[in-house]
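One structure is given below, encoded as structure tokens.
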Amino acid sequence: MKGTYRIAERTIEITSVYDRVQQYCRDYRYEGVPDFRISITQEDIDCERKRSEKEQTNVPVINYSDPYLEELAVYRRIAEKMPYYDTFLFHGSAVSVDGEAYIFTAVSGTGKSTHARLWRELLKEKAVMVNDDKPLIRITESRALVYGTPYNGKHHLGNNICVPVKAVCILERSEKNHIRQITFEEAYLKLLKQAYRPADPRAMEKTLDLIDRLSERVKFYRLGCNMDKEAAETAYNAMKG
Amino acid sequence: MKLNRNFISRISDDESILVSGGGAEFSGIVKGNRTFGVILELLKKETSEADLISAMKGRFEAPEGMIEKDVARVLSELRRIGALDE
């Protein structure tokens with residue numbers, strides 16, 4: 001199976017073993033000459049299974065289907081290529097408000113998606129999901145831009161849009177809601193942990209450079225939050241500027 | 001010995017960070033002081049423990065035996081996470 005897609009300003013031709021990944025990416029279909037091509041084999045799928053087994057020892061990985069693992073393999077290949085286009089994959093939930101994006105990041109299970117939902121409840125149609133799980137961030141001369149991608153979390157919350165990033169907010173659970181602006185240095189380790197780290201050392205170097213360049217283009221915050229609507233009010237009021 | 005190509009270092013005035021890329025078995029970040037950073041820099045080229053100690057003694061003044069101990073400790077940690085090619 002073969003299809004061409006436009007993701008984060010790049011045209012990508014995907015050749016897959018199964019149709020599922022082609023369907024998964026259908027909102028990003030595009031006619032054009034590819035910037036790069038990805039071709040998945042059964043071997044890639046088997047590698048993805050081994051990787052998943054290693055990463056998630058408490059999950060019965062044996063139940064993952066080959067078509068699902070192929071989806072993961074495709075995005076991994078995209079993420080490996082993207083640093084060469086000044087773009088990197090970042091684990092977080094990106095919400096756009098009034099044309100500016102706020103990216104919430106934290107270790108899995110902290111409540112990024114829950115917090116993004118609180119923003120949608122608070123701000124109604126003003127809050128538009130860019131991507132609820134693994135957006136791509138592109139660094140340009142003057143800005144950081146976040147892009148929706150087909151890989152937008154288990155609830156498939158996201159849109160095929162591009163929005164300038166205003167802030168990156170590190171979430172931590174807390175009984176009371178509080179937020180403060182932090183320096184890039186303070187955010188750095190968390191940013192490194194939440195960015196996709198390519199296997200290709202040159203792409204890895206580029207990813208670190210892109211994270212450094214992000215520092216000059218966005219603000220960073222640390223938010224301690226609970227699951228009440230007040231958490232969204234606290235965060236939005238502090239970051240909207 | 002040399003730093004494995006799957007590990008990338010970032011060094012500032014007061015902090016040094018070693019990050020593993022996706023190609024490494026170890027998945028994590030090691031944080032250290034300036035001394036750690038200097039050792040990482042020296043390990044970007046093929047070297048030996050004796051050469052590292054000698055280079056460090058040229059840069060830092062320290063009580064007898066301390067540099068040897070520091071270098072050995074850093075190398076042991078780098079070996080543990082698979083960051084050294086030997």
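Labels for the structure tokens follow display order: chains A, B, ..., residues from 1 in each chain, ligands from 1.
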
**Request:** When you get a sec, could you note down which chain B residues fall within 9 Å of chain A, using only C-alpha atoms, as a PyMOL selection string?
**Result:** chain B and resi 5-8+10+17+19-24+28-29

Could you write out the selected residues, including N, CA, C and O atoms, as a short mmCIF file (atom, residue, chain, number, x, y, z; two decimals), in the first residue's frame?
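part11.cif was written with the following content:
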data_model
loop_
_atom_site.label_atom_id
_atom_site.label_comp_id
_atom_site.auth_asym_id
_atom_site.auth_seq_id
_atom_site.Cartn_x
_atom_site.Cartn_y
_atom_site.Cartn_z
N ARG B 5 29.16 6.82 19.93
CA ARG B 5 28.52 7.83 19.07
C ARG B 5 27.02 8.03 19.35
O ARG B 5 26.44 9.02 18.92
N ASN B 6 26.42 7.11 20.09
CA ASN B 6 25.00 7.27 20.42
C ASN B 6 24.77 8.20 21.62
O ASN B 6 23.63 8.39 22.05
N PHE B 7 25.85 8.72 22.16
CA PHE B 7 25.74 9.62 23.32
C PHE B 7 26.22 11.02 22.93
O PHE B 7 27.29 11.16 22.33
N ILE B 8 25.43 12.02 23.29
CA ILE B 8 25.75 13.39 22.93
C ILE B 8 25.93 14.20 24.21
O ILE B 8 25.12 14.09 25.13
N ARG B 10 26.39 17.93 26.26
CA ARG B 10 26.14 19.37 26.23
C ARG B 10 26.79 19.97 27.48
O ARG B 10 26.49 19.54 28.59
N ILE B 17 25.87 17.70 30.63
CA ILE B 17 24.81 16.72 30.45
C ILE B 17 25.21 15.74 29.37
O ILE B 17 25.71 16.14 28.32
N VAL B 19 23.46 12.88 27.03
CA VAL B 19 22.14 12.41 26.60
C VAL B 19 22.33 11.20 25.69
O VAL B 19 23.16 11.23 24.78
N SER B 20 21.52 10.18 25.93
CA SER B 20 21.59 9.02 25.04
C SER B 20 20.61 9.21 23.90
O SER B 20 19.49 9.68 24.09
N GLY B 21 21.05 8.86 22.70
CA GLY B 21 20.16 8.89 21.55
C GLY B 21 19.37 7.59 21.49
O GLY B 21 19.60 6.66 22.27
N GLY B 22 18.43 7.53 20.54
CA GLY B 22 17.56 6.35 20.41
C GLY B 22 18.32 5.08 20.07
O GLY B 22 17.80 3.98 20.25
N GLY B 23 19.56 5.21 19.59
CA GLY B 23 20.33 4.03 19.21
C GLY B 23 21.02 3.35 20.40
O GLY B 23 21.58 2.27 20.26
N ALA B 24 20.96 3.99 21.56
CA ALA B 24 21.64 3.43 22.74
C ALA B 24 20.70 2.54 23.54
O ALA B 24 19.49 2.77 23.58
N GLY B 28 18.38 7.59 28.88
CA GLY B 28 18.34 8.52 29.99
C GLY B 28 19.30 9.68 29.80
O GLY B 28 19.90 9.84 28.74
N ILE B 29 19.45 10.45 30.88
CA ILE B 29 20.29 11.63 30.85
C ILE B 29 21.17 11.60 32.10
O ILE B 29 20.68 11.33 33.19
#

**Message:** I want to know what sits within 8 Å of B:Asn4, based on only C-alpha atoms, with residues of the same chain fewer than 2 positions away left out; could you give that as a list in words?
**Reply:**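 Neighbouring residues, sequence-local ones excluded: Lys2, Asn6, Phe7, Gly82, Ala83, Leu84 and Asp85 of chain B.
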
**Message:** Env of stretch 44-55 of chain B: 10 Å cut, atoms = only C-alpha atoms, seq-sep filter 3 positions within chain, self excluded. Answer as number ranges by chain.
**Reply:** B: 1-5, 8-9, 38-41, 58-60, 67-72, 75, 85-86

**Message:** I'd like the neighbourhood of stretch 88-99 of chain A as a ChimeraX atom specification, where a residue qualifies if any of its atoms comes within 7 Å (using only C-alpha atoms), though same-chain residues fewer than 2 positions away should be ignored.
**Reply:** /A:79,82-83,86,101-105,112-113,116,126-138,163,194-196,207

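Closest approach to A:Ile12 from the set A:Arg77, A:Glu55, A:Glu48, A:Glu230 is made by A:Arg77, with distances taken over only C-alpha atoms.
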
**Asked** Where does DSSP see alpha helix (DSSP H) in stretch 69-157 of chain A, if you list the residues as a count of residues only?
**Response** 25

**One-decimal distance in Å that lies between atom CA of A:Arg180 and atom CA of A:Arg117** =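 Taking atom CA of A:Arg117 as the start and atom CA of A:Arg180 as the end point, the length is 21.0 Å.
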
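Atom CA of A:Asn237 is positioned 23.7 Å from atom CA of A:Val107.
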
**Message:** Which residues are near B:Ser16? Cut-off 7 Å, only C-alpha atoms, ignore same chain within fewer than 4 positions. Put them as a list in words.
**Reply:**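 So the residues in contact are Arg10, Ile11, Ser12, Lys31, Gly32, Asn33, Arg34, Phe36 and Gly37 of chain B.
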